[in-house]
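Undergrad: To start, I am sharing the structure in question, which I have written as structure tokens.
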Amino acid sequence: MQDDLLYLFVADVSGHGLPAAILVSLLKSYIHTEADAAMPLARFMSRLNDFLFSVSLPTQFATAQLFRVGPDGTLHYTNAAHPPFLLFRHASRRATLLEEPSHLLGAMPKMTFDERSTTVASGDTLFVYTDGLTDRRTAAGEFYSIDRIAALLEASPDADIGTLYDSIYADVAGFPSTDEFKDDIAFVVTRFH
């Protein structure tokens with residue numbers, strides 16, 4: 001939170017272990033110290049990209065999404081090669097997949113990013129995740145589809161956020177995936193009021 005603005009930043013860094021943990025720490029620190037309500041998110045992401053490029057190893061990069069929502073219900077967002085996100089609209093009872101292709105974060109300096117905006121209303125739900133979710137697959141080769149999450153959001157439009165989170169977690173955990181190519185999974189469910 002910054003004044004009356006809510007920021008949500010989700011990132012997935014390359015690699016594992018200590019180097020990846022240090023990169024996450026640097027990202028978190030930068031977000032906390034440099035977030036500025038007057039700065040467009042696209043410019044902020046470009047500055048974050050240059051910072052990350054200057055402090056990371058040559059093989060390190062990240063994917064990321066940054067969201068900022070204010071009290072008027074305007075949701076601004078920018079993307080750095082992160083998977084698409086879901087926005088469930090309570091009024092229409094439909095979940096929409098929003099994809100914004102872009103550059104990796106920290107891979108090359110002086111990259112530009114786009115900023116988009118939409119409005120959110122009370123009861124709308126944002127679902128953001130890392131690619132470990134949709135990279136899961138069964139022994140038969142079937143991948144976990146983000147359509148499964150969209151269906152859960154649409155089937156429970158009035159469920160409280162805890163119940164919704166539990167049903168998503170149970171669906172993901174119950175998917176019979178193989179251990180091959182197994183990646184960590186993170187997801188965030190945000191309900192607007």
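Scheme for the structure tokens: letters A, B, ... for chains in order shown; per-chain residue numbers from 1; ligand numbers from 1 in order shown.
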Can you check which residues of range 17-80 of chain A DSSP gives as alpha helix (DSSP H) on the backbone and send them as a ChimeraX atom specification?

TA: /A:17-34,41-55

Undergrad: Got a sec: who's within 12 Å of Tyr165 in chain A, counting only C-alpha atoms, leaving out chain neighbours fewer than 2 positions off, as JSON, numbers by chain?

TA: {"A": [125, 126, 127, 149, 152, 153, 156, 159, 160, 161, 162, 163, 167, 168, 169, 170, 171, 172, 187, 188, 189, 190, 191]}

Undergrad: Any chance you could export the current selection's N, CA and C atoms as an mmCIF file, in the first residue's frame?

TA:
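Below is the file out.cif, written as the result:
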data_model
loop_
_atom_site.group_PDB
_atom_site.id
_atom_site.type_symbol
_atom_site.label_atom_id
_atom_site.label_comp_id
_atom_site.auth_asym_id
_atom_site.auth_seq_id
_atom_site.Cartn_x
_atom_site.Cartn_y
_atom_site.Cartn_z
ATOM 1 N N THR A 125 -12.505 -10.279 -9.425
ATOM 2 C CA THR A 125 -11.402 -11.059 -8.871
ATOM 3 C C THR A 125 -10.273 -11.161 -9.889
ATOM 4 N N LEU A 126 -9.062 -10.918 -9.402
ATOM 5 C CA LEU A 126 -7.854 -11.004 -10.215
ATOM 6 C C LEU A 126 -7.100 -12.270 -9.818
ATOM 7 N N PHE A 127 -6.688 -13.046 -10.815
ATOM 8 C CA PHE A 127 -5.899 -14.252 -10.571
ATOM 9 C C PHE A 127 -4.594 -14.134 -11.339
ATOM 10 N N ILE A 149 -8.991 -22.757 -13.947
ATOM 11 C CA ILE A 149 -9.147 -21.689 -12.951
ATOM 12 C C ILE A 149 -10.309 -20.781 -13.346
ATOM 13 N N LEU A 152 -13.467 -22.371 -12.319
ATOM 14 C CA LEU A 152 -13.687 -22.289 -10.866
ATOM 15 C C LEU A 152 -14.179 -20.903 -10.467
ATOM 16 N N LEU A 153 -13.608 -19.860 -11.055
ATOM 17 C CA LEU A 153 -14.052 -18.492 -10.750
ATOM 18 C C LEU A 153 -15.500 -18.292 -11.181
ATOM 19 N N SER A 156 -18.182 -20.164 -8.937
ATOM 20 C CA SER A 156 -18.370 -19.708 -7.554
ATOM 21 C C SER A 156 -18.280 -18.190 -7.465
ATOM 22 N N ALA A 159 -18.557 -16.888 -3.805
ATOM 23 C CA ALA A 159 -17.812 -17.557 -2.735
ATOM 24 C C ALA A 159 -16.871 -16.556 -2.071
ATOM 25 N N ASP A 160 -16.701 -16.718 -0.768
ATOM 26 C CA ASP A 160 -15.745 -15.829 -0.092
ATOM 27 C C ASP A 160 -14.345 -16.180 -0.574
ATOM 28 N N ILE A 161 -13.412 -15.252 -0.410
ATOM 29 C CA ILE A 161 -12.078 -15.386 -0.984
ATOM 30 C C ILE A 161 -11.328 -16.606 -0.424
ATOM 31 N N GLY A 162 -11.527 -16.929 0.845
ATOM 32 C CA GLY A 162 -10.879 -18.093 1.442
ATOM 33 C C GLY A 162 -11.357 -19.395 0.820
ATOM 34 N N THR A 163 -12.651 -19.507 0.619
ATOM 35 C CA THR A 163 -13.220 -20.695 -0.006
ATOM 36 C C THR A 163 -12.753 -20.823 -1.445
ATOM 37 N N SER A 167 -10.493 -23.867 -3.081
ATOM 38 C CA SER A 167 -10.924 -24.691 -4.213
ATOM 39 C C SER A 167 -9.889 -24.654 -5.346
ATOM 40 N N ILE A 168 -9.254 -23.504 -5.553
ATOM 41 C CA ILE A 168 -8.191 -23.418 -6.563
ATOM 42 C C ILE A 168 -6.999 -24.264 -6.134
ATOM 43 N N TYR A 169 -6.601 -24.117 -4.881
ATOM 44 C CA TYR A 169 -5.460 -24.888 -4.376
ATOM 45 C C TYR A 169 -5.719 -26.392 -4.498
ATOM 46 N N ALA A 170 -6.933 -26.825 -4.141
ATOM 47 C CA ALA A 170 -7.268 -28.249 -4.218
ATOM 48 C C ALA A 170 -7.231 -28.742 -5.659
ATOM 49 N N ASP A 171 -7.692 -27.928 -6.595
ATOM 50 C CA ASP A 171 -7.673 -28.330 -8.002
ATOM 51 C C ASP A 171 -6.245 -28.452 -8.512
ATOM 52 N N VAL A 172 -5.406 -27.494 -8.164
ATOM 53 C CA VAL A 172 -4.005 -27.533 -8.599
ATOM 54 C C VAL A 172 -3.287 -28.725 -7.961
ATOM 55 N N PHE A 187 0.621 -18.395 -6.852
ATOM 56 C CA PHE A 187 -0.531 -17.684 -7.406
ATOM 57 C C PHE A 187 -1.117 -16.783 -6.340
ATOM 58 N N VAL A 188 -1.763 -15.707 -6.826
ATOM 59 C CA VAL A 188 -2.376 -14.731 -5.933
ATOM 60 C C VAL A 188 -3.817 -14.525 -6.408
ATOM 61 N N VAL A 189 -4.756 -14.576 -5.471
ATOM 62 C CA VAL A 189 -6.166 -14.331 -5.755
ATOM 63 C C VAL A 189 -6.524 -13.034 -5.041
ATOM 64 N N THR A 190 -6.964 -12.036 -5.807
ATOM 65 C CA THR A 190 -7.291 -10.721 -5.248
ATOM 66 C C THR A 190 -8.739 -10.388 -5.549
ATOM 67 N N ARG A 191 -9.513 -10.088 -4.527
ATOM 68 C CA ARG A 191 -10.914 -9.692 -4.686
ATOM 69 C C ARG A 191 -11.031 -8.201 -4.417
#

Undergrad: Taking the backbone alone, and naming residues the way the document does, which bits of range 1-178 of chain A are strand (DSSP E or B) by DSSP, as a count of residues only?

TA: 49

Undergrad: Restricting the calculation to only C-alpha atoms: of A:Ser92, A:Thr134, A:Thr33, A:Thr63, which residue gets closest to Ala11 in chain A?

TA: A:Thr63

Undergrad: Env of range 65-72 of chain A: 9 Å cut, atoms = only C-alpha atoms, seq-sep filter 3 positions within chain, self excluded. Answer as a list in words.

TA: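 Selected residues are Asp4, Leu5, Leu6, Tyr7, Leu8, Phe9, Val10, Ala11, Ala37, Leu41, Met45, Leu75, His76, Tyr77, Thr78, Asn79, Ala80, Ala81, His82, Pro83, Thr119, Val120 and Val128 of chain A.
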
Undergrad: Those residues with N, CA, C and O atoms, as a PDB file, in the first residue's frame please?

TA:
ATOM      1  N   ASP A   4      -3.337   5.770  -0.872  1.00  0.00           N
ATOM      2  CA  ASP A   4      -4.572   5.031  -1.141  1.00  0.00           C
ATOM      3  C   ASP A   4      -4.460   4.128  -2.364  1.00  0.00           C
ATOM      4  O   ASP A   4      -5.451   3.729  -2.954  1.00  0.00           O
ATOM      5  N   LEU A   5      -3.231   3.801  -2.735  1.00  0.00           N
ATOM      6  CA  LEU A   5      -2.990   2.927  -3.879  1.00  0.00           C
ATOM      7  C   LEU A   5      -2.507   1.551  -3.425  1.00  0.00           C
ATOM      8  O   LEU A   5      -1.692   1.443  -2.514  1.00  0.00           O
ATOM      9  N   LEU A   6      -3.011   0.531  -4.065  1.00  0.00           N
ATOM     10  CA  LEU A   6      -2.581  -0.836  -3.801  1.00  0.00           C
ATOM     11  C   LEU A   6      -1.715  -1.294  -4.959  1.00  0.00           C
ATOM     12  O   LEU A   6      -2.116  -1.193  -6.127  1.00  0.00           O
ATOM     13  N   TYR A   7      -0.522  -1.778  -4.663  1.00  0.00           N
ATOM     14  CA  TYR A   7       0.365  -2.361  -5.671  1.00  0.00           C
ATOM     15  C   TYR A   7       0.389  -3.863  -5.479  1.00  0.00           C
ATOM     16  O   TYR A   7       0.401  -4.357  -4.357  1.00  0.00           O
ATOM     17  N   LEU A   8       0.431  -4.576  -6.597  1.00  0.00           N
ATOM     18  CA  LEU A   8       0.616  -6.018  -6.581  1.00  0.00           C
ATOM     19  C   LEU A   8       1.710  -6.321  -7.592  1.00  0.00           C
ATOM     20  O   LEU A   8       1.592  -5.957  -8.770  1.00  0.00           O
ATOM     21  N   PHE A   9       2.779  -6.954  -7.127  1.00  0.00           N
ATOM     22  CA  PHE A   9       3.901  -7.306  -7.997  1.00  0.00           C
ATOM     23  C   PHE A   9       4.129  -8.797  -7.875  1.00  0.00           C
ATOM     24  O   PHE A   9       4.304  -9.322  -6.781  1.00  0.00           O
ATOM     25  N   VAL A  10       4.101  -9.491  -9.010  1.00  0.00           N
ATOM     26  CA  VAL A  10       4.345 -10.924  -9.046  1.00  0.00           C
ATOM     27  C   VAL A  10       5.479 -11.161 -10.036  1.00  0.00           C
ATOM     28  O   VAL A  10       5.446 -10.652 -11.161  1.00  0.00           O
ATOM     29  N   ALA A  11       6.487 -11.914  -9.607  1.00  0.00           N
ATOM     30  CA  ALA A  11       7.637 -12.176 -10.468  1.00  0.00           C
ATOM     31  C   ALA A  11       8.075 -13.628 -10.330  1.00  0.00           C
ATOM     32  O   ALA A  11       7.802 -14.284  -9.326  1.00  0.00           O
ATOM     33  N   ALA A  37       3.606   6.940  -7.072  1.00  0.00           N
ATOM     34  CA  ALA A  37       2.264   7.062  -7.632  1.00  0.00           C
ATOM     35  C   ALA A  37       2.226   7.961  -8.865  1.00  0.00           C
ATOM     36  O   ALA A  37       1.366   7.804  -9.725  1.00  0.00           O
ATOM     37  N   LEU A  41       3.424   3.148 -14.786  1.00  0.00           N
ATOM     38  CA  LEU A  41       3.960   1.821 -14.511  1.00  0.00           C
ATOM     39  C   LEU A  41       4.927   1.352 -15.599  1.00  0.00           C
ATOM     40  O   LEU A  41       5.895   0.653 -15.306  1.00  0.00           O
ATOM     41  N   MET A  45       8.627   0.019 -14.807  1.00  0.00           N
ATOM     42  CA  MET A  45       9.117  -1.296 -15.220  1.00  0.00           C
ATOM     43  C   MET A  45      10.412  -1.150 -16.026  1.00  0.00           C
ATOM     44  O   MET A  45      11.330  -1.967 -15.871  1.00  0.00           O
ATOM     45  N   LEU A  75      -7.562   0.010 -12.641  1.00  0.00           N
ATOM     46  CA  LEU A  75      -6.479  -0.949 -12.486  1.00  0.00           C
ATOM     47  C   LEU A  75      -5.486  -0.723 -13.627  1.00  0.00           C
ATOM     48  O   LEU A  75      -5.815  -0.920 -14.792  1.00  0.00           O
ATOM     49  N   HIS A  76      -4.285  -0.280 -13.283  1.00  0.00           N
ATOM     50  CA  HIS A  76      -3.207  -0.120 -14.247  1.00  0.00           C
ATOM     51  C   HIS A  76      -2.309  -1.347 -14.130  1.00  0.00           C
ATOM     52  O   HIS A  76      -2.077  -1.840 -13.024  1.00  0.00           O
ATOM     53  N   TYR A  77      -1.777  -1.807 -15.255  1.00  0.00           N
ATOM     54  CA  TYR A  77      -0.883  -2.951 -15.194  1.00  0.00           C
ATOM     55  C   TYR A  77       0.132  -2.896 -16.327  1.00  0.00           C
ATOM     56  O   TYR A  77      -0.094  -2.301 -17.378  1.00  0.00           O
ATOM     57  N   THR A  78       1.273  -3.532 -16.068  1.00  0.00           N
ATOM     58  CA  THR A  78       2.317  -3.687 -17.064  1.00  0.00           C
ATOM     59  C   THR A  78       2.908  -5.078 -16.917  1.00  0.00           C
ATOM     60  O   THR A  78       2.844  -5.674 -15.840  1.00  0.00           O
ATOM     61  N   ASN A  79       3.458  -5.567 -18.011  1.00  0.00           N
ATOM     62  CA  ASN A  79       3.889  -6.956 -18.066  1.00  0.00           C
ATOM     63  C   ASN A  79       5.317  -7.059 -18.576  1.00  0.00           C
ATOM     64  O   ASN A  79       5.718  -6.301 -19.455  1.00  0.00           O
ATOM     65  N   ALA A  80       6.077  -7.997 -18.018  1.00  0.00           N
ATOM     66  CA  ALA A  80       7.423  -8.313 -18.504  1.00  0.00           C
ATOM     67  C   ALA A  80       7.503  -9.814 -18.759  1.00  0.00           C
ATOM     68  O   ALA A  80       7.954 -10.573 -17.904  1.00  0.00           O
ATOM     69  N   ALA A  81       6.994 -10.247 -19.910  1.00  0.00           N
ATOM     70  CA  ALA A  81       7.048 -11.643 -20.361  1.00  0.00           C
ATOM     71  C   ALA A  81       6.423 -12.642 -19.383  1.00  0.00           C
ATOM     72  O   ALA A  81       6.768 -13.819 -19.378  1.00  0.00           O
ATOM     73  N   HIS A  82       5.508 -12.178 -18.550  1.00  0.00           N
ATOM     74  CA  HIS A  82       4.852 -13.040 -17.575  1.00  0.00           C
ATOM     75  C   HIS A  82       3.622 -13.687 -18.211  1.00  0.00           C
ATOM     76  O   HIS A  82       3.050 -13.128 -19.148  1.00  0.00           O
ATOM     77  N   PRO A  83       3.191 -14.846 -17.707  1.00  0.00           N
ATOM     78  CA  PRO A  83       1.992 -15.484 -18.262  1.00  0.00           C
ATOM     79  C   PRO A  83       0.767 -14.571 -18.149  1.00  0.00           C
ATOM     80  O   PRO A  83       0.721 -13.693 -17.283  1.00  0.00           O
ATOM     81  N   THR A 119     -11.039  -0.953 -15.646  1.00  0.00           N
ATOM     82  CA  THR A 119     -11.692  -0.653 -14.378  1.00  0.00           C
ATOM     83  C   THR A 119     -12.136  -1.955 -13.731  1.00  0.00           C
ATOM     84  O   THR A 119     -12.454  -2.927 -14.414  1.00  0.00           O
ATOM     85  N   VAL A 120     -12.134  -1.942 -12.412  1.00  0.00           N
ATOM     86  CA  VAL A 120     -12.629  -3.085 -11.654  1.00  0.00           C
ATOM     87  C   VAL A 120     -13.741  -2.601 -10.735  1.00  0.00           C
ATOM     88  O   VAL A 120     -13.757  -1.442 -10.321  1.00  0.00           O
ATOM     89  N   VAL A 128      -3.482 -14.102 -10.610  1.00  0.00           N
ATOM     90  CA  VAL A 128      -2.141 -13.979 -11.179  1.00  0.00           C
ATOM     91  C   VAL A 128      -1.338 -15.190 -10.725  1.00  0.00           C
ATOM     92  O   VAL A 128      -1.457 -15.617  -9.575  1.00  0.00           O
TER      93      VAL A 128
END

Undergrad: With distances taken over only C-alpha atoms, which residue among A:Thr118, A:Thr96, A:Ser56, A:Gln2 lies nearest Ile31 in chain A?

TA: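 Once distances to Ile31 in chain A are computed over only C-alpha atoms, the minimum belongs to A:Gln2.
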
Undergrad: Just give me the gap between CA of His193 in chain A and CA of Ala91 in chain A in Å, one decimal is fine.

TA: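 Taking CA of His193 in chain A and CA of Ala91 in chain A, their separation equals 13.0 Å.
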
Undergrad: Considering only C-alpha atoms, can you say which of A:Tyr144, A:Ser54, A:Pro40, A:Glu154 comes closest to Gly174 in chain A?

TA: A:Tyr144

Undergrad: Let me make sure I understand: among A:Ala186, A:Leu97, A:Met39, A:Leu105, which one has the smallest atom-to-atom distance to Ser145 in chain A if we use only C-alpha atoms?

TA: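 Selected residue with least distance to Ser145 in chain A: A:Leu97.
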
Undergrad: Which neighbours of Ser14 in chain A fall inside 8 Å, counting only C-alpha atoms, when residues of the same chain fewer than 5 positions from it are skipped, and could you give them as a PyMOL selection string?

TA: chain A and resi 20+60-62

Undergrad: Which residues come within 6 Å of Asp124 in chain A, counting only C-alpha atoms, excluding same-chain residues fewer than 2 positions away, as a PDB file with N, CA and C atoms, in the first residue's frame?

TA:
ATOM      1  N   PHE A  88     -11.841 -11.898 -13.403  1.00  0.00           N
ATOM      2  CA  PHE A  88     -13.237 -12.325 -13.322  1.00  0.00           C
ATOM      3  C   PHE A  88     -14.095 -11.098 -13.024  1.00  0.00           C
ATOM      4  N   ARG A  89     -15.052 -10.840 -13.894  1.00  0.00           N
ATOM      5  CA  ARG A  89     -15.982  -9.723 -13.712  1.00  0.00           C
ATOM      6  C   ARG A  89     -17.266 -10.251 -13.073  1.00  0.00           C
ATOM      7  N   HIS A  90     -17.533  -9.770 -11.863  1.00  0.00           N
ATOM      8  CA  HIS A  90     -18.697 -10.262 -11.124  1.00  0.00           C
ATOM      9  C   HIS A  90     -20.008  -9.936 -11.840  1.00  0.00           C
ATOM     10  N   ALA A 121     -14.657  -3.494 -10.452  1.00  0.00           N
ATOM     11  CA  ALA A 121     -15.802  -3.175  -9.605  1.00  0.00           C
ATOM     12  C   ALA A 121     -15.831  -4.137  -8.420  1.00  0.00           C
ATOM     13  N   SER A 122     -16.680  -3.836  -7.486  1.00  0.00           N
ATOM     14  CA  SER A 122     -16.829  -4.674  -6.304  1.00  0.00           C
ATOM     15  C   SER A 122     -17.195  -6.099  -6.711  1.00  0.00           C
ATOM     16  N   ARG A 191      -9.513 -10.088  -4.527  1.00  0.00           N
ATOM     17  CA  ARG A 191     -10.914  -9.692  -4.686  1.00  0.00           C
ATOM     18  C   ARG A 191     -11.031  -8.201  -4.417  1.00  0.00           C
ATOM     19  N   PHE A 192     -11.675  -7.486  -5.320  1.00  0.00           N
ATOM     20  CA  PHE A 192     -11.839  -6.040  -5.161  1.00  0.00           C
ATOM     21  C   PHE A 192     -13.162  -5.741  -4.456  1.00  0.00           C
TER      22      PHE A 192
END

Undergrad: Quick one, how far is CA of Phe143 in chain A from CA of Gly17 in chain A?

TA: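 A separation of 26.0 Å between them.
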
Undergrad: So that I can see what lies close to range 47-52 of chain A, please list as a list in words the residues with an atom at most 8 Å from it, counting only C-alpha atoms and leaving out residues fewer than 3 positions away in the same chain.

TA: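 Using only C-alpha atoms, the neighbours found are Leu26, Leu27, Tyr30, Arg43, Phe44, Val55, Ser56, Phe61, Leu105, Gly106, Ala107, Met108, Pro109, Lys110 and Met111 of chain A.
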
Undergrad: Enter the distance from CA of Ala151 in chain A to CA of Asp179 in chain A, in Å, rounded to one decimal.

TA: 25.5 Å
